[in-house]
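File shown: data-v3.txt (compact mmCIF, C-alpha atoms and all ligand atoms).
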# COMPACT_ATOMS: atom_id res chain seq x y z
CA MET A 170 100.94 112.64 134.82
CA SER A 171 98.12 110.19 135.55
CA TYR A 172 97.22 106.67 134.51
CA ALA A 173 94.04 106.11 132.50
CA ASN A 174 92.67 104.29 135.55
CA PRO A 175 94.87 105.07 138.56
CA GLU A 176 93.03 102.50 140.72
CA ALA A 177 93.79 99.51 138.50
CA PRO A 178 96.94 97.54 139.36
CA ARG A 179 99.13 97.36 136.26
CA ARG A 180 101.37 94.50 135.38
CA LYS A 181 103.73 94.00 132.48
CA VAL A 182 101.70 93.31 129.33
CA THR A 183 102.55 89.99 127.65
CA VAL A 184 101.13 87.99 124.75
CA ARG A 185 98.94 86.23 127.30
CA THR A 186 97.58 89.57 128.54
CA LEU A 187 96.66 90.55 124.99
CA ARG A 188 94.84 87.26 124.36
CA ALA A 189 92.99 87.61 127.67
CA MET A 190 91.98 91.17 126.73
CA LYS A 191 90.53 89.92 123.45
CA GLN A 192 88.63 87.16 125.25
CA ALA A 193 87.33 89.64 127.82
CA GLY A 194 86.34 92.15 125.13
CA GLU A 195 88.69 94.81 126.51
CA PRO A 196 90.03 96.96 123.65
CA ILE A 197 93.81 97.09 123.30
CA ALA A 198 95.38 100.55 122.98
CA MET A 199 98.53 100.65 120.87
CA LEU A 200 100.60 103.71 119.98
CA THR A 201 103.91 104.28 118.25
CA ALA A 202 106.88 105.82 120.06
CA TYR A 203 110.48 106.30 119.04
CA ASP A 204 112.23 107.53 122.18
CA ALA A 205 112.26 107.02 125.95
CA SER A 206 110.46 110.27 126.85
CA PHE A 207 107.36 109.63 124.75
CA ALA A 208 107.45 105.93 125.63
CA ARG A 209 107.30 106.91 129.32
CA VAL A 210 104.30 109.19 128.70
CA ALA A 211 102.52 106.48 126.67
CA ASP A 212 103.23 103.87 129.33
CA ALA A 213 101.91 106.11 132.11
CA ALA A 214 98.81 106.92 130.02
CA GLY A 215 97.87 103.24 129.96
CA VAL A 216 98.95 102.31 126.43
CA ASP A 217 99.08 98.49 126.28
CA VAL A 218 101.46 98.08 123.34
CA VAL A 219 104.11 100.53 122.17
CA LEU A 220 105.15 100.05 118.56
CA VAL A 221 108.55 101.15 117.31
CA GLY A 222 107.15 101.49 113.81
CA ASP A 223 109.06 101.96 110.61
CA SER A 224 106.85 105.05 110.34
CA LEU A 225 109.91 106.56 112.04
CA GLY A 226 111.32 106.87 108.52
CA MET A 227 108.64 109.47 107.83
CA VAL A 228 107.94 111.16 111.19
CA ILE A 229 111.48 111.11 112.64
CA GLN A 230 113.80 110.93 109.63
CA GLY A 231 111.67 113.02 107.26
CA HIS A 232 111.56 110.59 104.33
CA ASP A 233 108.55 110.26 102.01
CA THR A 234 108.22 106.53 102.66
CA THR A 235 109.18 103.93 105.27
CA LEU A 236 111.59 102.17 102.89
CA PRO A 237 114.88 103.78 104.02
CA VAL A 238 114.49 102.54 107.63
CA SER A 239 117.21 100.06 108.59
CA VAL A 240 117.45 97.26 111.13
CA ASP A 241 119.98 99.38 113.03
CA ASP A 242 117.43 102.25 113.18
CA ILE A 243 114.83 99.98 114.81
CA VAL A 244 117.43 98.62 117.26
CA TYR A 245 118.48 102.17 118.18
CA HIS A 246 114.95 103.51 118.67
CA GLY A 247 113.74 100.25 120.20
CA ARG A 248 116.42 100.44 122.88
CA ALA A 249 115.44 104.03 123.67
CA VAL A 250 111.74 103.14 123.88
CA ALA A 251 112.45 100.11 126.08
CA ALA A 252 114.12 102.43 128.58
CA GLY A 253 110.83 104.29 129.00
CA LEU A 254 108.51 101.33 129.48
CA ASP A 255 107.41 99.70 132.73
CA HIS A 256 104.17 98.03 131.64
CA ALA A 257 103.48 98.22 127.90
CA LEU A 258 104.59 95.44 125.57
CA LEU A 259 107.32 96.55 123.18
CA LEU A 260 106.60 95.69 119.54
CA ALA A 261 109.34 96.24 116.96
CA ASP A 262 108.66 96.67 113.25
CA MET A 263 110.68 94.67 110.74
CA PRO A 264 111.89 97.11 108.06
CA PHE A 265 111.65 96.70 104.31
CA LEU A 266 113.51 93.55 103.11
CA SER A 267 114.69 92.68 106.63
CA PHE A 268 112.55 89.50 106.57
CA ARG A 269 112.92 88.50 102.93
CA ASP A 270 114.10 85.01 103.88
CA GLU A 271 113.75 82.95 107.02
CA ALA A 272 117.38 83.06 108.15
CA ARG A 273 117.59 86.84 107.72
CA ALA A 274 114.27 87.33 109.51
CA VAL A 275 115.41 85.29 112.53
CA ILE A 276 118.73 87.15 112.76
CA ASN A 277 117.09 90.59 112.49
CA ALA A 278 114.15 89.85 114.78
CA GLY A 279 116.64 88.30 117.20
CA ARG A 280 118.49 91.61 117.31
CA PHE A 281 115.25 93.42 118.22
CA MET A 282 114.66 90.96 121.06
CA GLN A 283 118.25 90.77 122.34
CA GLU A 284 119.58 94.28 121.73
CA ALA A 285 116.39 96.38 122.04
CA GLY A 286 114.31 94.30 124.45
CA ALA A 287 111.36 93.85 122.07
CA GLN A 288 108.72 91.30 123.10
CA MET A 289 107.20 90.87 119.65
CA VAL A 290 108.03 91.78 116.06
CA LYS A 291 105.68 93.01 113.34
CA LEU A 292 106.03 92.24 109.67
CA GLU A 293 104.04 93.34 106.66
CA GLY A 294 102.95 90.16 104.97
CA GLY A 295 100.44 87.47 104.23
CA VAL A 296 100.58 83.94 102.85
CA ALA A 297 103.90 84.64 101.11
CA GLN A 298 105.44 85.14 104.57
CA LEU A 299 104.02 82.01 106.27
CA GLY A 300 107.46 80.33 106.25
CA VAL A 301 109.02 83.39 107.85
CA VAL A 302 106.32 83.54 110.53
CA GLU A 303 106.83 79.84 111.29
CA ALA A 304 110.61 80.29 111.46
CA LEU A 305 110.30 83.21 113.91
CA VAL A 306 107.71 81.50 116.09
CA GLY A 307 109.90 78.37 116.02
CA GLN A 308 112.65 80.41 117.67
CA GLY A 309 110.29 81.72 120.35
CA ILE A 310 109.78 85.12 118.72
CA PRO A 311 106.15 86.33 118.88
CA VAL A 312 104.90 87.79 115.60
CA CYS A 313 102.31 90.40 114.71
CA ALA A 314 101.39 90.06 111.03
CA HIS A 315 100.32 93.20 109.13
CA LEU A 316 97.63 92.90 106.42
CA GLY A 317 95.64 95.39 104.38
CA LEU A 318 97.60 98.44 103.30
CA LYS A 319 101.29 97.60 103.48
CA PRO A 320 103.24 100.85 103.26
CA GLN A 321 106.48 98.98 102.43
CA SER A 322 104.81 98.05 99.11
CA ILE A 323 103.98 101.66 98.21
CA HIS A 324 105.90 101.60 94.94
CA LYS A 325 104.06 98.44 93.87
CA LEU A 326 100.69 99.87 94.95
CA GLY A 327 101.25 103.34 93.53
CA ALA A 328 99.17 105.02 96.27
CA TYR A 329 98.11 104.57 99.90
CA LEU A 330 94.66 103.08 99.22
CA VAL A 331 92.04 101.12 101.19
CA GLN A 332 92.56 97.37 100.69
CA GLY A 333 89.99 94.55 100.57
CA ARG A 334 87.06 96.43 99.06
CA GLU A 335 86.51 93.92 96.25
CA ARG A 336 84.88 90.62 97.18
CA ASP A 337 87.83 88.42 96.09
CA ALA A 338 90.35 90.62 97.89
CA ALA A 339 88.22 90.54 101.05
CA GLU A 340 87.95 86.73 101.00
CA HIS A 341 91.68 86.46 100.37
CA MET A 342 92.47 88.70 103.35
CA LEU A 343 90.26 86.58 105.58
CA LEU A 344 92.04 83.44 104.38
CA GLU A 345 95.44 85.06 104.96
CA ALA A 346 94.44 86.02 108.51
CA ARG A 347 93.44 82.43 109.28
CA GLU A 348 96.62 81.01 107.75
CA LEU A 349 98.82 83.45 109.65
CA GLU A 350 97.10 82.43 112.88
CA ASP A 351 97.64 78.77 112.00
CA ALA A 352 101.32 79.54 111.27
CA GLY A 353 101.65 80.80 114.85
CA ALA A 354 101.19 84.57 114.60
CA ASP A 355 100.23 86.04 117.99
CA MET A 356 98.60 89.20 116.74
CA LEU A 357 97.33 90.74 113.52
CA LEU A 358 97.32 94.37 112.43
CA LEU A 359 94.90 95.56 109.73
CA GLU A 360 95.64 98.88 108.02
CA CYS A 361 93.07 100.73 105.87
CA VAL A 362 90.53 97.94 105.58
CA PRO A 363 86.74 98.38 105.30
CA ALA A 364 85.25 98.31 108.80
CA ALA A 365 82.88 95.41 108.07
CA LEU A 366 85.69 93.22 106.74
CA ALA A 367 87.97 94.06 109.68
CA GLU A 368 85.21 93.12 112.12
CA ARG A 369 84.64 89.85 110.27
CA ILE A 370 88.36 89.01 110.42
CA SER A 371 88.52 89.95 114.13
CA LYS A 372 85.70 87.52 114.87
CA ALA A 373 87.18 84.77 112.68
CA VAL A 374 90.51 84.49 114.52
CA ASP A 375 91.39 83.95 118.18
CA ILE A 376 94.45 86.21 118.12
CA PRO A 377 93.97 89.93 118.84
CA VAL A 378 93.39 92.10 115.76
CA ILE A 379 94.55 95.72 115.94
CA GLY A 380 93.18 98.22 113.46
CA ILE A 381 94.36 101.47 111.94
CA GLY A 382 91.73 102.81 109.60
CA ALA A 383 89.90 99.49 110.08
CA GLY A 384 86.92 100.43 112.22
CA VAL A 385 85.83 99.98 115.78
CA GLY A 386 85.08 96.26 115.39
CA CYS A 387 88.77 95.31 115.82
CA ASP A 388 90.12 94.12 119.18
CA GLY A 389 92.25 97.23 119.52
CA GLN A 390 93.52 100.34 117.78
CA VAL A 391 96.87 101.82 116.84
CA LEU A 392 97.84 105.30 115.72
CA VAL A 393 101.12 107.01 114.94
CA LEU A 394 102.14 109.26 117.86
CA HIS A 395 102.66 112.31 115.67
CA ASP A 396 99.12 111.95 114.26
CA VAL A 397 97.66 111.77 117.79
CA LEU A 398 99.55 114.96 118.61
CA GLY A 399 98.40 116.68 115.41
CA ILE A 400 101.92 117.50 114.22
CA THR A 401 102.12 115.43 111.03
CA PRO A 402 102.49 117.90 108.15
CA GLY A 403 99.88 118.00 105.38
CA ARG A 404 96.30 116.77 105.29
CA PRO A 405 95.88 113.90 107.75
CA PRO A 406 94.43 110.60 106.53
CA ARG A 407 90.73 109.98 107.28
CA PHE A 408 91.50 107.47 110.06
CA VAL A 409 93.54 109.96 112.11
CA LYS A 410 92.26 111.94 115.06
CA ASP A 411 94.17 114.84 116.59
CA PHE A 412 93.82 114.25 120.35
CA MET A 413 95.73 117.45 121.19
CA ALA A 414 92.62 119.40 120.18
CA GLY A 415 90.93 119.96 123.54
CA ALA A 416 93.81 118.54 125.60
CA GLY A 417 95.91 120.74 127.88
CA SER A 418 99.13 118.79 127.45
CA ILE A 419 100.75 115.90 125.59
CA PRO A 420 100.18 113.42 128.47
CA GLU A 421 96.50 114.47 128.57
CA ALA A 422 96.14 113.95 124.81
CA ILE A 423 97.59 110.43 125.07
CA VAL A 424 95.33 109.60 128.03
CA ALA A 425 92.38 110.86 125.94
CA TYR A 426 93.43 108.55 123.08
CA VAL A 427 93.69 105.54 125.41
CA GLN A 428 90.32 106.27 127.01
CA ALA A 429 88.64 106.76 123.62
CA VAL A 430 89.99 103.37 122.47
CA LYS A 431 89.00 101.63 125.72
CA MET A 432 85.46 103.06 125.54
CA ARG A 433 85.19 102.28 121.81
CA GLN A 434 84.61 105.98 121.11
CA PHE A 435 87.53 105.95 118.69
CA PRO A 436 87.45 105.35 115.79
CA GLY A 437 84.12 106.97 114.98
CA PRO A 438 82.31 106.42 111.68
CA GLU A 439 84.08 109.49 110.29
CA HIS A 440 87.44 107.70 110.68
CA CYS A 441 86.35 104.48 108.92
CA PHE A 442 86.09 103.13 105.38
CA ASP A 443 83.19 101.24 103.74
O1 LIG A 501 105.13 101.81 111.20
C1 LIG A 501 104.09 102.05 111.82
O2 LIG A 501 103.99 102.99 112.60
C2 LIG A 501 102.96 101.18 111.58
C3 LIG A 501 101.64 101.72 112.00
C4 LIG A 501 101.10 102.60 110.95
C5 LIG A 501 100.70 100.62 112.33
O3 LIG A 501 103.09 100.13 111.03
Could I get this file's structure written as structure tokens?
Amino acid sequence: MSYANPEAPRRKVTVRTLRAMKQAGEPIAMLTAYDASFARVADAAGVDVVLVGDSLGMVIQGHDTTLPVSVDDIVYHGRAVAAGLDHALLLADMPFLSFRDEARAVINAGRFMQEAGAQMVKLEGGVAQLGVVEALVGQGIPVCAHLGLKPQSIHKLGAYLVQGRERDAAEHMLLEARELEDAGADMLLLECVPAALAERISKAVDIPVIGIGAGVGCDGQVLVLHDVLGITPGRPPRFVKDFMAGAGSIPEAIVAYVQAVKMRQFPGPEHCFD
């Protein structure tokens, strides 16, 4: 197993590292993991941020949506992932309804920090969640806000669709990004957003912006591990690339993903939305 750049000294990634990477124009490579073995491979491959995503509801538990994932599930998988990490920052996803009020959000995010060793939590939300973001940040809990397609709202949306295509929706997303930054968010994730809008948002805020289906103009990229390994059943979404194709092993595929992100070779135009 080899590091993406075996010569480079690697230190533990922190919120400060991520900010410095944005300022230096170095793309941030993020990947999901749900257990210690894959976390170890991702860490060794040079992944900067490992996300214990609620996508585990679909890729690990076999549900159709992320909604059944519980706080206990994230604690359990977060603890396993933490055991495999030496360098990458551990980001824990806040499941459906686990941050519906400030007190509940602080208690649940606190469990991810205390029991699983997370260094940041992610929540799907915009201006309606500003109070929650402020409450978490007020307790010293770094927050990654998630805009664009919010899979926890699938039953309200009716389908997994690109968000922010209409002018008003695009302006609103930009405003939400700025307000979340002002509320203290340390990072922003954009899912299924037109590439031009995602680039505009990335330039408009000082915090790192990570994209999934949001184009190469973001400050970093994230994919679901099982998509990178080409083992998600069914037709993959447009923004996915199977890095196992052409790789000799799982560690090689993850190194290839990290290198493609770092060299801005992924995502290509074929993975993006207008
Ligand atoms: O849960 C997850 O894995 C995510 C990614 C799709 C970004 O939120």
Selected residue, from A:His440, A:Lys291, A:Arg269, A:Arg404, that lies nearest to ligand LIG 501 (chain A) when counting only C-alpha atoms and all ligand atoms: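 Nearest candidate to ligand LIG 501 (chain A) out of A:His440, A:Lys291, A:Arg269, A:Arg404: A:Lys291.
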Wanna dump the chain A-ligand LIG 501 (chain A) contacts at 7 Å for me, each residue with its shortest atom pair and the distance in Å to one decimal, counting all atoms listed in the file, ordered by chain and number, as CSV?
residue,atom,partner,partner_atom,distance
A:Thr201,CA,A:LIG501,O2,5.8
A:Leu220,CA,A:LIG501,O2,6.7
A:Val221,CA,A:LIG501,O2,6.8
A:Gly222,CA,A:LIG501,O1,3.3
A:Asp223,CA,A:LIG501,O1,4.0
A:Ser224,CA,A:LIG501,O1,3.8
A:Leu225,CA,A:LIG501,O1,6.8
A:Asp262,CA,A:LIG501,O1,6.6
A:Glu360,CA,A:LIG501,C5,6.9
A:Ile381,CA,A:LIG501,C5,6.4
A:Val391,CA,A:LIG501,C5,6.0
A:Leu392,CA,A:LIG501,C4,6.4
A:Val393,CA,A:LIG501,O2,5.5
Restricted to C-alpha atoms, what would the selected residues look like written as a CSV table (one decimal), in the frame of the given file?
chain,number,residue,atom,x,y,z
A,201,THR,CA,103.9,104.3,118.2
A,220,LEU,CA,105.2,100.0,118.6
A,221,VAL,CA,108.6,101.2,117.3
A,222,GLY,CA,107.2,101.5,113.8
A,223,ASP,CA,109.1,102.0,110.6
A,224,SER,CA,106.8,105.0,110.3
A,225,LEU,CA,109.9,106.6,112.0
A,262,ASP,CA,108.7,96.7,113.2
A,360,GLU,CA,95.6,98.9,108.0
A,381,ILE,CA,94.4,101.5,111.9
A,391,VAL,CA,96.9,101.8,116.8
A,392,LEU,CA,97.8,105.3,115.7
A,393,VAL,CA,101.1,107.0,114.9
Straight-line distance linking atom CA of Leu357 of chain A with atom CA of Ile379 of chain A, stated in Å to one decimal: 6.2 Å
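Closest to Pro377 of chain A among A:Ala354, A:Val290, A:Ala425, A:Ala213 is A:Ala354, based on all atoms listed in the file.
If you count only C-alpha atoms and ignore residues fewer than 2 places along the chain from Gly253 of chain A, what sits within 10 Å of it is Ala202, Asp204, Ala205, Ser206, Phe207, Ala208, Arg209, Val210, Ala211, Asp212, Ala213, Arg248, Ala249, Val250, Ala251, Asp255, His256 and Ala257 of chain A.
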